[in-house]
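> Dropping in my_file-v9.txt, which is compact mmCIF, C-alpha atoms and all ligand atoms:
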```
# COMPACT_ATOMS: atom_id res chain seq x y z
CA MET A 849 0.00 0.00 0.00
CA ILE A 850 1.28 3.48 -0.83
CA ASP A 851 1.13 5.70 2.26
CA ALA A 852 2.92 8.68 3.79
CA ASP A 853 6.01 6.57 4.55
CA THR A 854 6.45 5.23 1.01
CA ARG A 855 9.98 5.92 -0.22
CA VAL A 856 10.64 6.91 -3.83
CA PHE A 857 13.30 5.57 -6.18
CA CYS A 858 13.49 6.54 -9.84
CA VAL A 859 15.25 6.45 -13.18
CA PHE A 860 15.97 9.66 -15.01
CA GLY A 861 17.05 9.94 -18.62
CA ASN A 862 15.87 11.04 -22.07
CA PRO A 863 14.34 9.09 -23.69
CA VAL A 864 13.17 6.95 -20.78
CA ARG A 865 9.73 5.65 -21.76
CA HIS A 866 11.27 2.43 -23.14
CA SER A 867 12.88 1.65 -19.75
CA LYS A 868 12.01 -1.64 -18.09
CA GLY A 869 13.51 -0.43 -14.79
CA PRO A 870 10.14 0.37 -13.18
CA ILE A 871 8.80 -3.13 -13.96
CA ILE A 872 11.67 -5.04 -12.37
CA HIS A 873 12.42 -2.73 -9.45
CA ASN A 874 8.76 -2.45 -8.40
CA ALA A 875 8.40 -6.25 -8.61
CA ALA A 876 11.52 -6.73 -6.47
CA LEU A 877 10.42 -4.08 -3.93
CA LYS A 878 7.04 -5.80 -3.60
CA LYS A 879 8.61 -9.26 -3.27
CA GLN A 880 10.89 -8.01 -0.47
CA GLY A 881 8.01 -6.21 1.29
CA ILE A 882 9.76 -2.83 1.07
CA ASN A 883 7.46 0.20 1.26
CA ALA A 884 8.80 2.04 -1.80
CA VAL A 885 8.03 2.78 -5.44
CA TYR A 886 10.27 3.22 -8.49
CA LEU A 887 9.21 5.77 -11.12
CA ALA A 888 10.54 6.94 -14.51
CA PHE A 889 11.20 10.64 -15.14
CA GLU A 890 12.02 12.00 -18.59
CA VAL A 891 14.11 15.09 -17.88
CA GLN A 892 15.97 17.71 -19.90
CA ASP A 893 18.81 18.61 -17.60
CA ALA A 894 21.06 16.67 -15.18
CA ALA A 895 21.49 19.55 -12.72
CA GLN A 896 17.74 20.05 -12.35
CA ALA A 897 17.13 16.31 -12.03
CA VAL A 898 19.71 16.05 -9.24
CA GLN A 899 18.16 19.05 -7.51
CA ALA A 900 14.77 17.31 -7.69
CA VAL A 901 16.27 14.19 -6.07
CA ARG A 902 17.52 16.37 -3.20
CA THR A 903 14.32 18.43 -2.85
CA LEU A 904 11.95 15.45 -2.86
CA ASP A 905 14.30 13.21 -0.83
CA ILE A 906 14.27 10.56 -3.56
CA ARG A 907 16.28 7.75 -1.97
CA GLY A 908 18.06 6.45 -5.04
CA ALA A 909 18.09 6.87 -8.81
CA SER A 910 19.19 5.06 -11.93
CA VAL A 911 20.81 7.44 -14.40
CA THR A 912 20.53 6.65 -18.09
CA ILE A 913 21.17 8.13 -21.56
CA PRO A 914 22.39 10.85 -21.95
CA PHE A 915 23.20 11.85 -18.36
CA LYS A 916 25.68 9.22 -17.13
CA GLU A 917 28.60 11.61 -17.56
CA SER A 918 26.98 15.03 -16.98
CA VAL A 919 25.40 13.95 -13.67
CA MET A 920 28.85 13.63 -12.10
CA ALA A 921 29.31 17.41 -11.76
CA HIS A 922 26.23 17.76 -9.57
CA ILE A 923 26.62 15.10 -6.85
CA ASP A 924 28.59 15.02 -3.59
CA TRP A 925 30.75 11.89 -3.79
CA ILE A 926 31.81 9.50 -6.56
CA ASP A 927 32.94 5.92 -6.06
CA PRO A 928 36.59 5.50 -7.26
CA THR A 929 35.65 2.91 -9.93
CA ALA A 930 32.90 5.15 -11.33
CA ARG A 931 35.35 8.06 -11.34
CA ALA A 932 37.95 6.00 -13.23
CA ILE A 933 35.27 4.96 -15.75
CA GLY A 934 34.04 8.53 -16.04
CA ALA A 935 30.35 7.57 -15.79
CA VAL A 936 27.77 7.20 -13.02
CA ASN A 937 24.60 5.12 -13.53
CA THR A 938 23.43 4.94 -9.91
CA LEU A 939 22.73 7.59 -7.27
CA VAL A 940 22.34 6.74 -3.60
CA ASN A 941 20.84 9.39 -1.32
CA ASP A 942 22.66 8.76 1.94
CA ASP A 943 20.88 11.09 4.40
CA GLY A 944 21.10 14.01 1.99
CA VAL A 945 24.58 13.18 0.64
CA LEU A 946 24.26 12.11 -3.01
CA LYS A 947 26.72 9.34 -3.87
CA GLY A 948 27.42 8.09 -7.41
CA TYR A 949 28.31 4.52 -8.45
CA ASN A 950 28.66 2.56 -11.68
CA THR A 951 27.00 -0.87 -11.71
CA ASP A 952 27.32 -1.29 -15.52
CA CYS A 953 30.98 -2.27 -15.38
CA LEU A 954 30.83 -5.61 -13.51
CA ALA A 955 27.43 -6.35 -15.05
CA ALA A 956 28.83 -6.09 -18.60
CA VAL A 957 31.72 -8.42 -17.93
CA ALA A 958 29.80 -11.11 -16.01
CA PRO A 959 28.04 -12.74 -19.03
CA LEU A 960 31.37 -12.94 -20.92
CA ILE A 961 33.38 -14.64 -18.16
CA PRO A 962 32.23 -18.19 -19.11
CA PHE A 963 33.72 -17.68 -22.59
CA GLY A 964 37.10 -16.45 -21.30
CA ILE A 965 38.27 -12.86 -21.75
CA ALA A 966 42.02 -12.88 -21.01
CA GLY A 967 44.12 -12.73 -24.19
CA LYS A 968 41.05 -12.37 -26.44
CA THR A 969 40.54 -9.50 -28.87
CA VAL A 970 37.44 -7.62 -27.78
CA CYS A 971 35.94 -4.96 -30.06
CA ILE A 972 33.72 -2.36 -28.40
CA VAL A 973 31.41 -0.32 -30.64
CA GLY A 974 30.88 3.12 -29.11
CA ALA A 975 32.73 5.47 -26.80
CA GLY A 976 30.04 6.94 -24.54
CA GLY A 977 29.35 6.29 -20.88
CA ALA A 978 28.23 2.68 -21.39
CA ALA A 979 31.29 1.98 -23.58
CA ARG A 980 33.60 3.36 -20.92
CA ALA A 981 32.11 1.09 -18.25
CA VAL A 982 32.38 -1.95 -20.53
CA ALA A 983 35.94 -1.08 -21.66
CA TYR A 984 37.14 -0.54 -18.10
CA GLY A 985 35.70 -3.90 -17.01
CA ILE A 986 37.15 -5.75 -20.02
CA ALA A 987 40.57 -4.12 -19.57
CA ALA A 988 40.71 -5.46 -16.01
CA HIS A 989 40.51 -8.98 -17.53
CA LYS A 990 43.59 -8.40 -19.70
CA ALA A 991 42.01 -8.56 -23.15
CA ASN A 992 43.25 -6.79 -26.30
CA ILE A 993 40.75 -3.99 -26.80
CA ILE A 994 39.63 -2.40 -30.06
CA ILE A 995 37.40 0.67 -29.88
CA THR A 996 35.43 1.81 -32.91
CA ASN A 997 33.24 4.91 -32.84
CA ARG A 998 31.54 7.44 -35.11
CA THR A 999 33.27 10.40 -33.45
CA GLU A 1000 36.98 9.68 -33.81
CA GLN A 1001 38.30 11.89 -31.03
CA LYS A 1002 36.04 10.24 -28.42
CA GLY A 1003 36.98 6.78 -29.68
CA LEU A 1004 40.67 7.59 -29.67
CA SER A 1005 40.67 8.94 -26.15
CA LEU A 1006 38.81 5.87 -24.79
CA ALA A 1007 41.20 3.56 -26.65
CA GLN A 1008 44.16 5.35 -25.10
CA ALA A 1009 42.61 5.21 -21.62
CA VAL A 1010 42.34 1.39 -21.78
CA HIS A 1011 45.59 0.86 -23.76
CA GLY A 1012 43.59 -0.33 -26.76
CA LEU A 1013 43.53 0.31 -30.49
CA PHE A 1014 41.16 2.75 -32.19
CA ILE A 1015 39.71 1.84 -35.60
CA PRO A 1016 37.51 4.47 -37.30
CA ALA A 1017 33.86 3.51 -37.92
CA ARG A 1018 34.37 3.66 -41.71
CA GLU A 1019 36.91 0.80 -41.37
CA MET A 1020 34.68 -1.49 -39.26
CA GLU A 1021 34.57 -4.08 -42.07
CA SER A 1022 38.28 -4.76 -41.51
CA ILE A 1023 37.96 -5.52 -37.76
CA LYS A 1024 38.86 -9.04 -36.64
CA ALA A 1025 37.76 -9.81 -33.08
CA ASP A 1026 36.87 -12.76 -30.85
CA VAL A 1027 34.25 -10.77 -28.96
CA LEU A 1028 32.11 -7.88 -30.24
CA ILE A 1029 30.09 -5.66 -27.89
CA ASN A 1030 27.69 -2.97 -29.07
CA THR A 1031 27.35 -0.20 -26.48
CA THR A 1032 25.63 2.38 -28.70
CA SER A 1033 21.92 3.05 -29.01
CA ILE A 1034 21.98 1.87 -32.64
CA GLY A 1035 19.39 -0.89 -32.98
CA MET A 1036 17.37 0.35 -29.98
CA THR A 1037 13.68 1.18 -30.47
CA PRO A 1038 12.80 3.37 -32.43
CA LYS A 1039 16.00 2.76 -34.45
CA GLU A 1040 15.52 -1.03 -34.50
CA ASP A 1041 16.08 -1.25 -38.26
CA GLN A 1042 19.70 -0.05 -37.90
CA ILE A 1043 22.72 -2.27 -37.30
CA SER A 1044 25.71 -1.19 -35.20
CA PHE A 1045 28.35 -3.34 -36.95
CA PRO A 1046 28.50 -4.68 -40.53
CA ALA A 1047 27.00 -8.17 -40.78
CA GLY A 1048 29.67 -9.05 -43.35
CA ALA A 1049 32.42 -8.74 -40.72
CA LEU A 1050 30.82 -11.31 -38.36
CA THR A 1051 32.22 -14.86 -38.29
CA SER A 1052 30.92 -18.02 -36.60
CA ASP A 1053 33.72 -18.16 -33.99
CA MET A 1054 32.72 -14.78 -32.51
CA VAL A 1055 30.82 -14.01 -29.31
CA VAL A 1056 28.50 -11.08 -30.05
CA MET A 1057 26.90 -9.12 -27.23
CA ASP A 1058 24.49 -6.19 -27.40
CA VAL A 1059 23.76 -3.94 -24.42
CA VAL A 1060 20.50 -2.87 -26.12
CA TYR A 1061 17.54 -4.88 -24.78
CA THR A 1062 14.63 -3.16 -26.57
CA PRO A 1063 14.18 -5.08 -28.80
CA LEU A 1064 15.73 -8.19 -27.27
CA LYS A 1065 16.86 -9.43 -30.66
CA THR A 1066 18.54 -6.45 -32.29
CA ARG A 1067 19.53 -6.42 -35.97
CA LEU A 1068 23.09 -7.10 -34.79
CA LEU A 1069 22.09 -10.22 -32.81
CA GLU A 1070 19.86 -11.38 -35.66
CA ALA A 1071 22.78 -11.13 -38.10
CA ALA A 1072 25.10 -12.82 -35.57
CA GLU A 1073 22.66 -15.72 -35.18
CA GLN A 1074 22.50 -16.13 -38.94
CA LYS A 1075 26.31 -16.33 -38.98
CA ARG A 1076 26.15 -18.93 -36.14
CA CYS A 1077 27.99 -16.71 -33.67
CA THR A 1078 27.40 -17.10 -29.92
CA THR A 1079 25.03 -14.29 -28.91
CA ILE A 1080 24.38 -12.56 -25.58
CA ASP A 1081 21.36 -10.28 -25.39
CA GLY A 1082 21.02 -7.09 -23.36
CA LEU A 1083 18.92 -8.67 -20.60
CA SER A 1084 21.87 -10.29 -18.79
CA MET A 1085 23.67 -7.01 -18.29
CA PHE A 1086 20.49 -5.06 -17.60
CA ILE A 1087 19.41 -7.42 -14.82
CA ALA A 1088 22.87 -7.61 -13.26
CA GLN A 1089 23.27 -3.82 -13.13
CA ALA A 1090 19.73 -3.41 -11.75
CA ALA A 1091 20.30 -6.04 -9.05
CA ALA A 1092 23.47 -4.24 -7.95
CA GLN A 1093 21.53 -0.96 -7.76
CA PHE A 1094 18.80 -2.58 -5.68
CA GLU A 1095 21.42 -3.84 -3.22
CA LEU A 1096 23.02 -0.41 -2.95
CA TRP A 1097 19.63 1.17 -2.19
CA THR A 1098 18.09 -1.41 0.13
CA GLY A 1099 20.93 -3.62 1.37
CA VAL A 1100 18.90 -6.59 0.10
CA THR A 1101 19.80 -8.94 -2.78
CA PRO A 1102 16.80 -9.06 -5.14
CA ASP A 1103 15.38 -12.17 -6.79
CA THR A 1104 17.00 -11.97 -10.25
CA ASP A 1105 14.99 -14.96 -11.54
CA LEU A 1106 11.83 -12.99 -10.78
CA MET A 1107 13.33 -9.94 -12.57
CA ARG A 1108 14.15 -12.04 -15.65
CA SER A 1109 10.77 -13.75 -15.84
CA ILE A 1110 8.91 -10.44 -15.43
CA LEU A 1111 11.07 -8.85 -18.11
CA SER A 1112 10.68 -11.76 -20.51
CA SER A 1113 6.90 -11.56 -20.27
CA ASN A 1114 6.98 -7.79 -20.81
CA MET A 1115 9.21 -7.59 -23.88
P1 LIG B 1 25.69 6.30 -22.99
O1 LIG B 1 26.00 7.12 -21.80
O2 LIG B 1 24.44 5.49 -22.79
O3 LIG B 1 26.83 5.46 -23.47
P2 LIG B 1 26.32 8.38 -24.84
O4 LIG B 1 27.39 8.83 -23.92
O5 LIG B 1 25.41 9.42 -25.45
O6 LIG B 1 25.33 7.35 -24.15
O7 LIG B 1 27.03 7.50 -26.00
C1 LIG B 1 26.33 7.01 -27.09
C2 LIG B 1 27.29 6.26 -28.01
O8 LIG B 1 26.52 5.79 -29.12
C3 LIG B 1 28.41 7.08 -28.61
O9 LIG B 1 29.51 6.26 -28.85
C4 LIG B 1 27.77 7.56 -29.92
O10 LIG B 1 28.71 7.90 -30.92
P3 LIG B 1 29.39 9.39 -30.96
O11 LIG B 1 30.49 9.37 -29.94
O12 LIG B 1 29.85 9.53 -32.33
O13 LIG B 1 28.27 10.34 -30.59
C5 LIG B 1 27.04 6.33 -30.34
N1 LIG B 1 25.94 6.60 -31.25
C6 LIG B 1 24.68 6.96 -30.92
N2 LIG B 1 23.91 7.10 -32.03
C7 LIG B 1 24.71 6.78 -33.09
C8 LIG B 1 24.52 6.70 -34.51
N3 LIG B 1 23.33 6.97 -35.06
N4 LIG B 1 25.57 6.33 -35.28
C9 LIG B 1 26.76 6.04 -34.74
N5 LIG B 1 27.01 6.12 -33.40
C10 LIG B 1 26.01 6.46 -32.59
```
How would this structure read if it were set down as structure tokens?

Amino acid sequence: MIDADTRVFCVFGNPVRHSKGPIIHNAALKKQGINAVYLAFEVQDAAQAVQAVRTLDIRGASVTIPFKESVMAHIDWIDPTARAIGAVNTLVNDDGVLKGYNTDCLAAVAPLIPFGIAGKTVCIVGAGGAARAVAYGIAAHKANIIITNRTEQKGLSLAQAVHGLFIPAREMESIKADVLINTTSIGMTPKEDQISFPAGALTSDMVVMDVVYTPLKTRLLEAAEQKRCTTIDGLSMFIAQAAAQFELWTGVTPDTDLMRSILSSNM
């Protein structure tokens, strides 16, 4: 029951209406018997969103596109890993002190661990906040990293930060990698007809992962399946990062099987 003690958690981003965060967090809050709700706010400005969190005493927030970097200037403390990555996807309101964390990093690496990462060539498409989290996590596992990105300067600086190689987007066809990870919004609703990497450069020995989960089967994963690659959809990472957020906010480990089954029936 919602009453005067109900605590508020939220996601803010733009666009945010596609987010499945409210579905899984509200289900997990209910299952744990926690008197709280999780809402989605489509906002224009990181500073104003952070001010709203303070004013309304929102207890925790997920931060999504395009605010994962810009939010950092407006909060009170940043976890060292999130600072090294240069992106925050989680705010914790600790008695009025707003703390920033990054739960994308470990979540992105977890589904790849069974395939082995050390010594592999891992190509990351994109150089935004999500790419930085993924690259930082992969670098910690001693892989050879290739970054490819539309904006060369951003791609180059991320490649340098993780001691990787930058290959311009126009040369994607030439990339040879064991693992390919799309971190851009290409392929995400409403751009689901676009593909983030040329299908012709995919080979059957590759592991292909997409962080996009709306739709679950992106054009990239569809093409990878046709080429008989191993595919990893965006749900694994999405659930793992959400579960880590839930723990930061409530101190309780959520039921990730429940999160997955609720998501699967709401895709
Ligand atoms: P996030 O924080 O979620 O990673 P972001 O920082 O805005 O979001 O980064 C989005 C990434 O997707 C960037 O790498 C962006 O490329 P640019 O650096 O060139 O902007 C990439 N991206 C988004 N839309 C794209 C498109 N239509 N074509 C190519 N790259 C695109």
> Calculate how many Å separate atom CA of Lys1002 of chain A from atom CA of Val1060 of chain A, rounding to one decimal.
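Rounded to one decimal, the two atoms are 20.5 Å apart.
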> Got a sec: who's within 7 Å of segment 917-934 of chain A, counting only C-alpha atoms, leaving out chain neighbours fewer than 6 positions off, as a ChimeraX atom specification?
/A:894-895,898,945-950,977,980-981,984
> List all protein, DNA and RNA residues that have any atom at most 6 Å from ligand LIG 1 (chain B), counting only C-alpha atoms and all ligand atoms, and write the list as a list in words.
Ile913, Pro914, Lys916, Gly974, Ala975, Gly976, Gly977, Ala978, Ala979, Asn997, Arg998, Thr999, Lys1002, Thr1032, Ser1033 and Ile1034 of chain A
> How big is the axis-aligned box around all listed atoms of segment 940-956 of chain A once 4 Å goes on each side, and where's its centre, in Å to one decimal, as JSON?

```
{"center_x": 25.9, "center_y": 3.8, "center_z": -7.1, "size_x": 18.1, "size_y": 28.4, "size_z": 31.0}
```
> With distances taken over all atoms listed in the file, which residue among A:Met1057, A:Val973, A:Leu1004, A:Ala888 lies nearest Pro863 of chain A?
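So, comparing all the options, the nearest one is A:Ala888.
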> Between A:Ala1072, A:Ile986, A:Ile871, A:Val1027, which one has atoms that come closest to Val957 of chain A, using all atoms listed in the file?
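Of A:Ala1072, A:Ile986, A:Ile871, A:Val1027, the one nearest Val957 of chain A, counting all atoms listed in the file, is A:Ile986.
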> Would you list the residues near (36.5, -3.1, -20.0) (no more than 9 Å away, in the coordinates of the file, using only C-alpha atoms) as a VMD selection string?
chain A and resid 953 to 954 956 to 957 972 979 to 991 993 1010
> State, in Å with one decimal place, the distance from atom CA of Ser910 of chain A to atom CA of Asn937 of chain A.
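That distance, rounded to one decimal, is 5.6 Å.
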> With distances taken over all atoms listed in the file, which residue among A:Ala1049, A:Leu887, A:Ile850, A:Ala1091 lies nearest Met1107 of chain A?
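Of A:Ala1049, A:Leu887, A:Ile850, A:Ala1091, the one nearest Met1107 of chain A is A:Ala1091, counting all atoms listed in the file.
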> Residues near Ala1047 of chain A, anyone? I mean within 9 Å using all atoms listed in the file, not counting same-chain ones fewer than 2 positions away, as a list in words.
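Surrounding residues, per the criterion: Glu1021, Ile1043, Phe1045, Ala1049, Leu1050, Thr1051, Leu1068, Ala1071, Ala1072 and Lys1075 of chain A.
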> Looking at only C-alpha atoms, which of A:Ala897, A:Val856, A:Leu1069, A:Leu1106 is the one that sits closest to Gly1082 of chain A?
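Under the stated criterion, the closest residue is A:Leu1069.
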> What does the structure give for the distance between atom CA of Arg1108 of chain A and atom CA of Ser867 of chain A, in Å to one decimal?
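Going from atom CA of Arg1108 of chain A over to atom CA of Ser867 of chain A, I get 14.3 Å.
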